[in-house]
Every structure is written in structure tokens, then in C-alpha cells.
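Okay, data.cif now, which holds mmCIF, C-alpha atoms and all ligand atoms:
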```
data_upload
loop_
_atom_site.label_atom_id
_atom_site.label_comp_id
_atom_site.auth_asym_id
_atom_site.auth_seq_id
_atom_site.Cartn_x
_atom_site.Cartn_y
_atom_site.Cartn_z
CA MET P 1 107.61 -68.91 103.12
CA GLY P 2 106.03 -72.30 102.37
CA GLN P 3 102.70 -72.71 100.62
CA VAL P 4 99.85 -71.37 102.76
CA SER P 5 96.35 -71.49 101.32
CA LYS P 6 94.24 -68.33 101.44
CA GLN P 7 91.63 -70.08 103.53
CA ALA P 8 94.02 -71.44 106.18
CA ARG P 9 93.09 -70.39 109.70
CA ILE P 10 95.42 -70.30 112.69
CA GLU P 11 93.24 -72.76 114.68
CA ALA P 12 94.08 -75.46 112.16
CA ILE P 13 97.83 -75.41 112.79
CA GLY P 14 98.25 -73.77 116.23
CA GLU P 15 101.29 -71.91 117.50
CA SER P 16 103.79 -74.71 116.89
CA GLY P 17 102.50 -75.35 113.35
CA PHE P 18 102.83 -71.64 112.61
CA LEU P 19 106.39 -71.55 113.97
CA ASP P 20 107.31 -74.61 111.87
CA ARG P 21 106.30 -72.62 108.78
CA LEU P 22 107.84 -69.33 109.87
CA LEU P 23 111.19 -70.19 111.40
CA PRO P 24 113.06 -71.76 108.47
CA ASN P 25 112.69 -68.48 106.60
CA LEU P 26 113.73 -66.00 109.27
CA PRO P 27 116.95 -64.15 108.45
CA LEU P 28 119.51 -64.85 111.17
CA HIS P 29 122.20 -62.34 111.99
CA ARG P 30 125.74 -63.43 112.87
CA GLY P 31 125.36 -62.29 116.48
CA VAL P 32 122.40 -64.62 117.09
CA LEU P 33 123.69 -67.47 119.27
CA VAL P 34 120.28 -69.06 119.93
CA GLY P 35 117.45 -68.03 117.62
CA PRO P 36 113.70 -68.59 117.88
CA GLY P 37 112.44 -71.81 119.44
CA ASP P 38 114.00 -71.73 122.90
CA ASP P 39 112.80 -70.06 126.11
CA CYS P 40 114.86 -66.97 125.25
CA ALA P 41 116.87 -65.83 122.27
CA VAL P 42 120.58 -65.47 123.05
CA ILE P 43 122.48 -62.72 121.28
CA GLN P 44 126.10 -61.67 121.40
CA SER P 45 126.47 -58.02 122.39
CA GLY P 46 130.13 -57.04 122.49
CA ARG P 47 131.71 -59.59 124.82
CA LYS P 48 128.46 -60.29 126.64
CA LYS P 49 125.60 -62.63 125.93
CA LEU P 50 122.11 -61.20 126.29
CA LEU P 51 118.83 -63.09 126.73
CA ILE P 52 115.63 -61.71 125.20
CA THR P 53 112.12 -63.01 125.78
CA THR P 54 108.59 -61.70 125.38
CA ASP P 55 105.19 -62.90 126.54
CA ALA P 56 101.71 -61.42 126.88
CA LEU P 57 98.70 -61.72 129.17
CA VAL P 58 95.45 -61.18 127.29
CA GLU P 59 91.99 -60.89 128.80
CA GLY P 60 89.84 -63.73 127.55
CA ALA P 61 92.85 -65.88 126.61
CA HIS P 62 94.81 -65.95 129.89
CA PHE P 63 92.39 -64.59 132.44
CA ARG P 64 88.88 -63.22 132.84
CA THR P 65 87.85 -59.96 134.43
CA GLY P 66 87.89 -60.25 138.20
CA TRP P 67 90.17 -63.29 138.41
CA LEU P 68 93.28 -61.32 139.28
CA SER P 69 93.68 -57.98 141.00
CA PRO P 70 95.33 -55.23 138.89
CA ARG P 71 98.47 -55.62 140.98
CA GLN P 72 98.54 -59.39 140.41
CA LEU P 73 98.10 -58.83 136.66
CA GLY P 74 101.09 -56.51 136.55
CA ARG P 75 103.21 -58.91 138.56
CA LYS P 76 102.21 -61.92 136.49
CA ALA P 77 102.88 -60.14 133.18
CA TYR P 78 106.46 -59.74 134.37
CA LEU P 79 106.87 -63.11 136.11
CA VAL P 80 105.89 -65.25 133.12
CA ASN P 81 108.81 -63.64 131.31
CA LEU P 82 111.09 -64.04 134.31
CA SER P 83 110.39 -67.78 134.16
CA ASP P 84 111.86 -67.92 130.64
CA ILE P 85 115.00 -66.15 131.87
CA ALA P 86 115.17 -68.69 134.74
CA ALA P 87 114.92 -71.54 132.23
CA MET P 88 118.16 -70.38 130.58
CA GLY P 89 120.00 -69.86 133.89
CA GLY P 90 120.01 -66.10 133.35
CA THR P 91 119.68 -62.89 135.35
CA PRO P 92 116.91 -60.39 134.52
CA ARG P 93 118.03 -56.83 133.75
CA PHE P 94 115.62 -54.58 131.82
CA CYS P 95 112.02 -54.81 130.71
CA VAL P 96 109.48 -52.82 128.72
CA LEU P 97 105.70 -53.10 128.84
CA SER P 98 103.28 -52.62 125.98
CA ALA P 99 99.73 -52.37 127.33
CA GLY P 100 96.34 -52.13 125.64
CA VAL P 101 93.31 -51.04 127.64
CA PRO P 102 89.62 -50.73 126.72
CA HIS P 103 87.78 -47.39 126.85
CA GLY P 104 86.69 -46.51 130.37
CA PHE P 105 89.52 -48.45 132.04
CA PRO P 106 90.15 -46.91 135.49
CA VAL P 107 93.43 -44.98 135.75
CA ARG P 108 93.79 -46.25 139.30
CA ASP P 109 93.80 -49.86 138.09
CA LEU P 110 96.34 -49.03 135.40
CA MET P 111 98.58 -47.48 138.05
CA ARG P 112 98.21 -50.64 140.15
CA ILE P 113 99.15 -52.82 137.19
CA HIS P 114 102.28 -50.76 136.67
CA ARG P 115 103.08 -50.86 140.37
CA GLY P 116 102.77 -54.66 140.39
CA LEU P 117 105.04 -54.96 137.37
CA ALA P 118 107.62 -52.54 138.76
CA ASP P 119 107.67 -54.25 142.17
CA ALA P 120 108.13 -57.71 140.66
CA ALA P 121 110.90 -56.39 138.40
CA ARG P 122 112.67 -54.70 141.30
CA GLU P 123 112.42 -57.79 143.53
CA SER P 124 114.24 -59.81 140.87
CA GLY P 125 116.86 -57.11 140.23
CA ALA P 126 115.48 -55.71 136.95
CA ALA P 127 114.35 -52.22 135.91
CA VAL P 128 111.36 -51.10 133.85
CA VAL P 129 112.88 -48.91 131.16
CA GLY P 130 110.01 -48.05 128.87
CA GLY P 131 106.62 -48.90 127.50
CA ASN P 132 103.70 -48.12 125.32
CA LEU P 133 99.99 -47.63 125.98
CA THR P 134 97.29 -48.10 123.39
CA HIS P 135 93.57 -48.66 123.10
CA CYS P 136 92.31 -52.21 122.72
CA GLU P 137 88.92 -53.91 123.06
CA ARG P 138 90.39 -56.20 125.71
CA LEU P 139 93.08 -55.65 128.28
CA PHE P 140 96.46 -56.96 127.20
CA LEU P 141 99.89 -56.68 128.79
CA SER P 142 102.92 -57.61 126.72
CA VAL P 143 106.31 -57.57 128.41
CA THR P 144 109.73 -57.90 126.84
CA LEU P 145 112.51 -58.82 129.24
CA ILE P 146 116.24 -58.65 128.63
CA GLY P 147 118.65 -60.58 130.81
CA GLY P 148 122.29 -61.44 131.14
CA VAL P 149 123.86 -64.83 131.46
CA PRO P 150 127.18 -65.24 133.25
CA GLY P 151 128.39 -68.44 131.57
CA GLN P 152 126.80 -70.67 128.98
CA PRO P 153 123.00 -70.39 128.79
CA VAL P 154 121.18 -73.71 129.21
CA THR P 155 119.09 -74.39 126.10
CA ARG P 156 116.43 -77.01 125.38
CA SER P 157 118.70 -78.82 122.98
CA GLY P 158 121.52 -80.25 125.13
CA GLY P 159 119.77 -83.38 126.48
CA ARG P 160 121.39 -86.77 125.77
CA PRO P 161 120.00 -90.32 126.01
CA GLY P 162 120.58 -91.59 129.55
CA ASP P 163 120.20 -88.17 131.20
CA PHE P 164 117.78 -88.09 134.12
CA ILE P 165 114.72 -85.81 133.95
CA TYR P 166 113.91 -83.61 136.93
CA VAL P 167 111.25 -81.06 137.81
CA THR P 168 110.96 -78.50 140.63
CA GLY P 169 108.04 -78.07 143.03
CA LEU P 170 104.53 -79.40 142.41
CA LEU P 171 102.62 -79.50 139.12
CA GLY P 172 98.97 -78.96 138.30
CA ASP P 173 97.91 -76.45 140.94
CA ALA P 174 97.74 -73.46 138.56
CA ALA P 175 95.44 -75.38 136.21
CA LEU P 176 93.31 -76.43 139.17
CA GLY P 177 93.17 -72.75 140.15
CA VAL P 178 91.80 -71.89 136.70
CA LYS P 179 89.12 -74.58 137.03
CA LEU P 180 88.08 -73.21 140.41
CA LEU P 181 87.94 -69.64 139.05
CA GLN P 182 85.85 -70.76 136.08
CA ARG P 183 83.35 -72.15 138.55
CA ASP P 184 83.55 -69.17 140.92
CA PRO P 185 85.46 -66.00 139.95
CA LYS P 186 85.76 -65.20 143.64
CA ALA P 187 87.42 -68.50 144.50
CA ARG P 188 90.57 -68.19 146.61
CA GLY P 189 93.04 -70.59 148.19
CA GLY P 190 96.32 -72.33 147.39
CA ALA P 191 95.58 -73.43 143.82
CA VAL P 192 94.18 -70.04 142.81
CA ARG P 193 97.24 -68.39 144.31
CA ARG P 194 99.53 -70.62 142.25
CA PHE P 195 97.72 -69.40 139.12
CA ALA P 196 97.60 -65.74 140.16
CA GLU P 197 101.08 -65.42 141.64
CA PRO P 198 103.66 -67.58 139.87
CA GLN P 199 107.04 -67.99 141.53
CA PRO P 200 109.62 -68.55 138.80
CA ARG P 201 112.63 -70.61 139.89
CA LEU P 202 115.25 -68.00 139.15
CA ARG P 203 117.85 -69.14 141.70
CA VAL P 204 117.43 -72.79 140.81
CA GLY P 205 117.91 -71.98 137.12
CA GLN P 206 121.10 -70.11 137.91
CA LEU P 207 122.39 -72.96 140.07
CA LEU P 208 121.62 -75.55 137.39
CA SER P 209 123.36 -73.49 134.72
CA LYS P 210 126.69 -73.97 136.50
CA GLY P 211 127.61 -77.17 134.73
CA LEU P 212 124.68 -79.25 136.00
CA ALA P 213 121.69 -79.23 133.63
CA SER P 214 122.22 -80.47 130.07
CA ALA P 215 118.90 -79.03 128.86
CA MET P 216 116.18 -76.97 130.54
CA ILE P 217 112.71 -75.49 129.90
CA ASP P 218 110.10 -73.90 132.12
CA VAL P 219 106.78 -75.69 132.52
CA SER P 220 104.37 -73.14 131.07
CA ASP P 221 102.35 -75.27 128.63
CA GLY P 222 102.02 -78.37 130.82
CA LEU P 223 104.56 -81.10 131.64
CA LEU P 224 103.84 -83.34 128.63
CA ARG P 225 103.93 -80.54 126.08
CA ASP P 226 107.07 -79.01 127.54
CA LEU P 227 108.78 -82.40 127.75
CA HIS P 228 107.91 -82.85 124.06
CA HIS P 229 109.46 -79.44 123.30
CA LEU P 230 112.66 -80.36 125.13
CA CYS P 231 112.89 -83.81 123.52
CA ALA P 232 112.27 -82.38 120.04
CA ALA P 233 114.98 -79.73 120.49
CA SER P 234 117.44 -82.32 121.90
CA ARG P 235 116.45 -84.93 119.28
CA VAL P 236 115.87 -87.59 121.94
CA GLY P 237 113.06 -89.71 123.33
CA ALA P 238 112.04 -90.09 126.97
CA ARG P 239 110.59 -92.44 129.51
CA LEU P 240 108.33 -90.51 131.89
CA GLU P 241 107.20 -92.10 135.15
CA ILE P 242 103.93 -90.43 136.02
CA ASP P 243 103.64 -92.04 139.43
CA ARG P 244 106.70 -89.93 140.38
CA VAL P 245 105.32 -86.63 139.07
CA PRO P 246 104.94 -84.39 142.13
CA CYS P 247 101.52 -82.87 142.75
CA SER P 248 99.57 -81.52 145.71
CA ALA P 249 96.87 -83.46 147.56
CA ALA P 250 94.33 -81.02 146.09
CA VAL P 251 95.37 -81.87 142.51
CA ARG P 252 95.42 -85.60 143.29
CA ARG P 253 91.88 -85.32 144.64
CA ALA P 254 90.51 -83.10 141.87
CA ASP P 255 92.18 -84.48 138.73
CA PRO P 256 95.74 -85.91 138.72
CA MET P 257 95.85 -85.42 134.93
CA LEU P 258 96.29 -81.69 135.64
CA ALA P 259 99.85 -82.41 136.83
CA LEU P 260 100.66 -83.74 133.34
CA THR P 261 98.71 -81.40 131.10
CA GLY P 262 97.89 -78.28 133.13
CA GLY P 263 99.84 -75.17 132.17
CA GLU P 264 101.18 -72.12 133.97
CA ASP P 265 102.98 -73.79 136.85
CA TYR P 266 106.26 -72.05 135.89
CA GLU P 267 108.34 -74.78 137.48
CA LEU P 268 111.60 -75.87 135.83
CA LEU P 269 112.06 -79.11 133.90
CA TRP P 270 115.64 -80.14 133.21
CA THR P 271 117.86 -83.02 132.25
CA ILE P 272 121.20 -83.95 133.77
CA SER P 273 123.71 -86.75 133.31
CA PRO P 274 123.50 -89.48 136.00
CA ARG P 275 127.01 -88.61 137.25
CA ARG P 276 126.19 -84.94 137.68
CA SER P 277 122.82 -85.75 139.19
CA SER P 278 124.44 -87.43 142.19
CA HIS P 279 126.45 -84.23 142.69
CA MET P 280 123.25 -82.20 142.36
CA GLU P 281 121.43 -84.41 144.87
CA ARG P 282 124.17 -83.56 147.40
CA LEU P 283 123.48 -79.84 146.80
CA ARG P 284 119.82 -80.27 147.65
CA GLN P 285 119.98 -77.88 150.62
CA LYS P 286 121.14 -75.09 148.29
CA PHE P 287 117.85 -75.28 146.39
CA ASP P 288 115.06 -73.08 147.71
CA CYS P 289 112.43 -75.63 146.63
CA THR P 290 111.93 -79.37 146.29
CA PHE P 291 112.84 -81.24 143.12
CA THR P 292 111.97 -84.70 141.87
CA ARG P 293 113.36 -87.14 139.33
CA ILE P 294 110.55 -88.15 137.00
CA GLY P 295 112.17 -90.08 134.19
CA GLN P 296 115.07 -90.53 131.81
CA LEU P 297 115.95 -89.47 128.28
CA MET P 298 116.13 -92.23 125.69
CA PRO P 299 117.30 -92.45 122.07
CA ARG P 300 115.05 -90.65 119.64
CA SER P 301 113.75 -93.91 118.14
CA TYR P 302 112.25 -94.81 121.56
CA GLY P 303 109.77 -91.94 121.28
CA ILE P 304 108.15 -90.65 124.45
CA ARG P 305 106.71 -93.42 126.58
CA ILE P 306 104.76 -92.93 129.75
CA TYR P 307 104.74 -95.42 132.60
CA ASP P 308 102.57 -95.69 135.69
CA GLY P 309 104.71 -97.94 137.86
CA ARG P 310 105.65 -100.81 135.54
CA ARG P 311 102.59 -100.38 133.33
CA ARG P 312 102.85 -98.40 130.13
CA VAL P 313 99.96 -95.98 129.66
CA ARG P 314 98.84 -93.81 126.80
CA VAL P 315 98.20 -90.16 127.49
CA ASP P 316 98.36 -87.66 124.70
CA ARG P 317 99.93 -84.35 125.43
CA ASP P 318 96.66 -82.46 125.34
CA GLY P 319 95.33 -84.71 128.03
CA PHE P 320 92.52 -86.25 126.02
CA ASP P 321 92.94 -89.60 127.59
CA HIS P 322 90.27 -92.16 126.93
CA LEU P 323 91.50 -94.52 129.62
CA ARG P 324 92.11 -91.94 132.27
CA GLY P 325 89.90 -93.47 134.96
CA GLU P 326 92.03 -96.61 134.94
CA GLN P 327 95.42 -94.99 134.67
CA MET P 328 95.59 -92.10 137.02
CA ARG P 329 93.59 -92.88 140.13
MG MG Q 401 109.31 -71.03 128.38
#
```
Full structure transcribed into C-alpha cells:
Amino acid sequence: MGQVSKQARIEAIGESGFLDRLLPNLPLHRGVLVGPGDDCAVIQSGRKKLLITTDALVEGAHFRTGWLSPRQLGRKAYLVNLSDIAAMGGTPRFCVLSAGVPHGFPVRDLMRIHRGLADAARESGAAVVGGNLTHCERLFLSVTLIGGVPGQPVTRSGGRPGDFIYVTGLLGDAALGVKLLQRDPKARGGAVRRFAEPQPRLRVGQLLSKGLASAMIDVSDGLLRDLHHLCAASRVGARLEIDRVPCSAAVRRADPMLALTGGEDYELLWTISPRRSSHMERLRQKFDCTFTRIGQLMPRSYGIRIYDGRRRVRVDRDGFDHLRGEQMR
């Protein structure tokens, strides 16, 4: 492992900085088809390919007490993983849950969490096959989900210059929901529901994996960050047209920047060659949601440039945008 000073703290480098240090040194087995750094790992198991992904919900980091019902927590712990399976065009099969609960946690709520998880798994065709329960100062729910993939999984790395960039649904509502809950933990309504009850695009992912998408990722960290992830993996640049980015009237009113930087929408972002995109546009009625073209991949040297109409704007991926008032409204 590279040089890490004794004083280094995780805040200084973040998750991606940590992964940059860790990944080059991980031992990779021969059966690993796609290793760390994509939405799921892909491993060869006999003649089949398996997808593996894991994600956690942690009180204080992902939600505060009272924001979600126990049932919603259980469902969401599963669904955030399902979204990663969707992003590879896969089918969910088996999951396990590792939960940590504080002293005094009501058994009834724990049962409801498990019920929510089991229901969400069943609805998507997967089974809960095991778990672990431990004590922890704060509630955490960590799910590992294993899936199958019928053909070739769609990775983040297959995008080519010239490919069009598409996204499903509307962006920014989940982040707006978080803002509303921060103001009032009892807030309800469409945006809060988008945060509390994600709807991963499983069917769309499967459809796109049949020779349509060249690269795909789910939008969990925010559009700009996830577009950066996809472009880095594909070694390409991109031109993003923010006036095309689909968002609800509520997001447009509250803060349109949320559609670019807000996380947890669990929509799909993918790239597709122009020729295949006209075929895909003809299949529109087969999709169970809307989708929108929002830009085009470019050579790597182009970088990632953001346009509002014909005007180039600067927005960094964390959304700290000093000129926001002029650009986005
Ligand atoms: Mg993902």
C-alpha cells in the first residue's frame, strides 16, 4: 500500500481518494471479471456470471431518527443495492443483512425493518438468505446482494466519444426531500417519498443491457459525480447540457442545482451510440419510465464541459457554484 502518514484522516481524502490508494494493491483472483470500482463486482461461477454489491444505511449519515418508518428503512436498505444490480443490467437473487442496533431498540421496529427488507426482496424476485445482528451506538443496516446477469453485464467503462448520454426519470427530488426533512422531520409529500422510497430502474437496466447501453451507472451520488465516475472509467470526456436535465417543478422552484448535485435519486445514467439510440427511441413504450438525452461523450482531452443552452457554465461536482444565481434560474 502506498505511503500513508500516521496523521492522515479519512476526511482529507474521502471515499474515492481512499479507493485510489487501496485498489491497486488488492489481490485479484482469476474468476474476477469486473473488480472493485463498478456498481457491482462480476465474478465467474462455473458457467455463470454473478453480480455482487453491498451498501449500508447508517443513522446520522444517511438518515435521522424519525425520517423513515422502520418498514421504509428495511426497504431502502435493500433497494439501494438493487439499484446497483439494475445499473449492470442484472437480476437480483439472494441477499443477506447485517444490522446493528442501539440498546433499547424496540423488537417490534426490528421486525418491521426485516419485513420491509423481505418484502422489497420478494417483489424484485430475490430471497433473504441470512444475516447478522449486533449492538451498535447507532442503527445501521448493511445489505449484500447477489444477482445474475443473462448476457454481458453493462459496466461503467464501455462509453466511447460520440455516444449520447441519457438518464431516466427526474433528478433532484430525493435531495429536496432531505432538505425538507432537515427543516421538519415530519415533512411528507412527493420529494420526501422519493428519498424514503427509491424505485430502482431494474427493468430498464435489463432492457438496456441487451445490446443498447455502452456504459451505465446508477445516480446515487448526484448526476455530476456519477457522470464523472462513468467518464473516468470509460476514459472519455463529456458535454452535459443542463437545460435538458429533467427535474420536477418542485426542484426547479426550490433549487435546480439539486438536479445536478443531489444524491439518492437511484435513476439510471447510460451512454449509447447514436445509431443504437434511434433504435432505443423507437422502443420508448417498452420503458416503464421516461428518459431524456442530456449530452454526449467526447474525447478525454475535452474534459467535462457543462452548457446551459449555448452558454458554457462552470459548476463543480460538489455543487459549490459561485455563479449559480446567473446560471440556473
Ligand atoms: Mg452505484
As a ChimeraX atom specification, please: the residues near range 301-312 of chain P (cut-off 6 Å, only C-alpha atoms, same-chain neighbours under 5 positions excluded).
/P:237-243
Using all atoms listed in the file, which residues sit within 9 Å of Asp221 in chain P once same-chain residues fewer than 3 positions away are excluded, as an NGL selection string?
:P and (218 or 224-226 or 261-266)
At a cut-off of 10 Å and counting all atoms listed in the file, what residues surround ligand MG 401 (chain Q)? Please answer as a ChimeraX atom specification.
/P:37-40,53-55,80-88,156,216-221,226,229,264,266-268
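Using only C-alpha atoms, the smallest distance between any of P:Pro299, P:Pro246, P:Gly90, P:Pro274 and Asp173 in chain P comes from P:Pro246.
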Spatial neighbours of Thr91 in chain P, 8 Å, only C-alpha atoms, chain gap at least 3 places, as number ranges by chain:
P: 85-86, 147-149, 202, 206
Leaving out range 159-167 of chain P and any residue of its chain fewer than 2 positions from it, which residues lie within 6 Å of it when counting all atoms listed in the file, given as a PyMOL selection string?
chain P and resi 157+214-215+234+268-274+291-299
List every protein, DNA or RNA residue with an atom no more than 12 Å from (87.0, -66.9, 138.4) in the file's coordinates, counting only C-alpha atoms, and format the result as a PDB file with C-alpha atoms, in the coordinates of the input.
```pdb
ATOM      1  CA  GLY P  60      89.840 -63.730 127.550  1.00  0.00           C
ATOM      2  CA  HIS P  62      94.810 -65.950 129.890  1.00  0.00           C
ATOM      3  CA  PHE P  63      92.390 -64.590 132.440  1.00  0.00           C
ATOM      4  CA  ARG P  64      88.880 -63.220 132.840  1.00  0.00           C
ATOM      5  CA  THR P  65      87.850 -59.960 134.430  1.00  0.00           C
ATOM      6  CA  GLY P  66      87.890 -60.250 138.200  1.00  0.00           C
ATOM      7  CA  TRP P  67      90.170 -63.290 138.410  1.00  0.00           C
ATOM      8  CA  LEU P  68      93.280 -61.320 139.280  1.00  0.00           C
ATOM      9  CA  SER P  69      93.680 -57.980 141.000  1.00  0.00           C
ATOM     10  CA  LEU P 176      93.310 -76.430 139.170  1.00  0.00           C
ATOM     11  CA  GLY P 177      93.170 -72.750 140.150  1.00  0.00           C
ATOM     12  CA  VAL P 178      91.800 -71.890 136.700  1.00  0.00           C
ATOM     13  CA  LYS P 179      89.120 -74.580 137.030  1.00  0.00           C
ATOM     14  CA  LEU P 180      88.080 -73.210 140.410  1.00  0.00           C
ATOM     15  CA  LEU P 181      87.940 -69.640 139.050  1.00  0.00           C
ATOM     16  CA  GLN P 182      85.850 -70.760 136.080  1.00  0.00           C
ATOM     17  CA  ARG P 183      83.350 -72.150 138.550  1.00  0.00           C
ATOM     18  CA  ASP P 184      83.550 -69.170 140.920  1.00  0.00           C
ATOM     19  CA  PRO P 185      85.460 -66.000 139.950  1.00  0.00           C
ATOM     20  CA  LYS P 186      85.760 -65.200 143.640  1.00  0.00           C
ATOM     21  CA  ALA P 187      87.420 -68.500 144.500  1.00  0.00           C
ATOM     22  CA  ARG P 188      90.570 -68.190 146.610  1.00  0.00           C
ATOM     23  CA  VAL P 192      94.180 -70.040 142.810  1.00  0.00           C
ATOM     24  CA  ARG P 193      97.240 -68.390 144.310  1.00  0.00           C
ATOM     25  CA  PHE P 195      97.720 -69.400 139.120  1.00  0.00           C
ATOM     26  CA  ALA P 196      97.600 -65.740 140.160  1.00  0.00           C
TER      27      ALA P 196
END
```
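Note that CA of Arg93 in chain P and CA of Ser124 in chain P are 8.6 Å apart.
One distance worth recording is that between CA of Leu207 in chain P and CA of Thr290 in chain P, which is 13.8 Å.
CA of Gly222 in chain P to CA of Gly190 in chain P spans 18.5 Å [interatomic distance, one decimal].
Considering all atoms listed in the file, the residue among P:Pro27, P:Gly131, P:Gly205, P:Pro70 positioned nearest to Val107 in chain P is P:Pro70.
Closest approach to Arg276 in chain P from the set P:Ala213, P:Leu110, P:Ile43, P:Val128 is made by P:Ala213, with distances taken over only C-alpha atoms.
Closest approach to Met257 in chain P from the set P:Lys49, P:Gly172, P:Arg201, P:Ala118 is made by P:Gly172, with distances taken over all atoms listed in the file.
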Pick out the residues sitting within 12 Å of Arg9 in chain P, and hand them over as a ChimeraX atom specification; count all atoms listed in the file, and ignore anything fewer than 6 positions along from it in its own chain.
/P:15,17-18
Where atoms are lacking, range 67-84 of chain P completed to N, CA, C and O atoms, as a short mmCIF file (atom, residue, chain, number, x, y, z; two decimals), in the coordinates of the input:
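Result file result_38.cif:
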```
data_model
loop_
_atom_site.label_atom_id
_atom_site.label_comp_id
_atom_site.auth_asym_id
_atom_site.auth_seq_id
_atom_site.Cartn_x
_atom_site.Cartn_y
_atom_site.Cartn_z
N TRP P 67 89.39 -62.16 137.91
CA TRP P 67 90.17 -63.29 138.41
C TRP P 67 91.41 -62.83 139.17
O TRP P 67 91.80 -63.44 140.16
N LEU P 68 92.05 -61.81 138.64
CA LEU P 68 93.28 -61.32 139.28
C LEU P 68 93.10 -59.85 139.60
O LEU P 68 92.44 -59.12 138.84
N SER P 69 93.71 -59.40 140.68
CA SER P 69 93.68 -57.98 141.00
C SER P 69 94.61 -57.27 140.00
O SER P 69 95.48 -57.90 139.41
N PRO P 70 94.43 -55.95 139.79
CA PRO P 70 95.33 -55.23 138.89
C PRO P 70 96.80 -55.44 139.26
O PRO P 70 97.65 -55.62 138.39
N ARG P 71 97.08 -55.43 140.55
CA ARG P 71 98.47 -55.62 140.98
C ARG P 71 98.99 -57.00 140.60
O ARG P 71 100.11 -57.16 140.12
N GLN P 72 98.14 -58.03 140.79
CA GLN P 72 98.54 -59.39 140.41
C GLN P 72 98.77 -59.49 138.91
O GLN P 72 99.69 -60.18 138.45
N LEU P 73 97.93 -58.81 138.13
CA LEU P 73 98.10 -58.83 136.66
C LEU P 73 99.46 -58.27 136.26
O LEU P 73 100.15 -58.85 135.42
N GLY P 74 99.81 -57.12 136.87
CA GLY P 74 101.09 -56.51 136.55
C GLY P 74 102.25 -57.41 136.92
O GLY P 74 103.21 -57.59 136.15
N ARG P 75 102.15 -58.01 138.11
CA ARG P 75 103.21 -58.91 138.56
C ARG P 75 103.34 -60.11 137.62
O ARG P 75 104.42 -60.48 137.20
N LYS P 76 102.18 -60.69 137.29
CA LYS P 76 102.21 -61.92 136.49
C LYS P 76 102.75 -61.64 135.09
O LYS P 76 103.48 -62.46 134.53
N ALA P 77 102.38 -60.48 134.52
CA ALA P 77 102.88 -60.14 133.18
C ALA P 77 104.40 -60.15 133.17
O ALA P 77 105.03 -60.55 132.19
N TYR P 78 104.99 -59.71 134.27
CA TYR P 78 106.46 -59.74 134.37
C TYR P 78 106.97 -61.16 134.68
O TYR P 78 107.92 -61.63 134.05
N LEU P 79 106.32 -61.84 135.61
CA LEU P 79 106.87 -63.11 136.11
C LEU P 79 106.85 -64.22 135.06
O LEU P 79 107.73 -65.08 135.07
N VAL P 80 105.89 -64.20 134.15
CA VAL P 80 105.89 -65.25 133.12
C VAL P 80 107.11 -65.09 132.21
O VAL P 80 107.64 -66.08 131.68
N ASN P 81 107.57 -63.88 132.05
CA ASN P 81 108.81 -63.64 131.31
C ASN P 81 110.03 -64.02 132.14
O ASN P 81 111.00 -64.59 131.62
N LEU P 82 109.97 -63.69 133.42
CA LEU P 82 111.09 -64.04 134.31
C LEU P 82 111.34 -65.55 134.29
O LEU P 82 112.47 -66.01 134.35
N SER P 83 110.26 -66.33 134.18
CA SER P 83 110.39 -67.78 134.16
C SER P 83 111.21 -68.25 132.95
O SER P 83 111.98 -69.21 133.05
N ASP P 84 111.06 -67.56 131.82
CA ASP P 84 111.86 -67.92 130.64
C ASP P 84 113.34 -67.58 130.85
O ASP P 84 114.23 -68.30 130.37
#
```
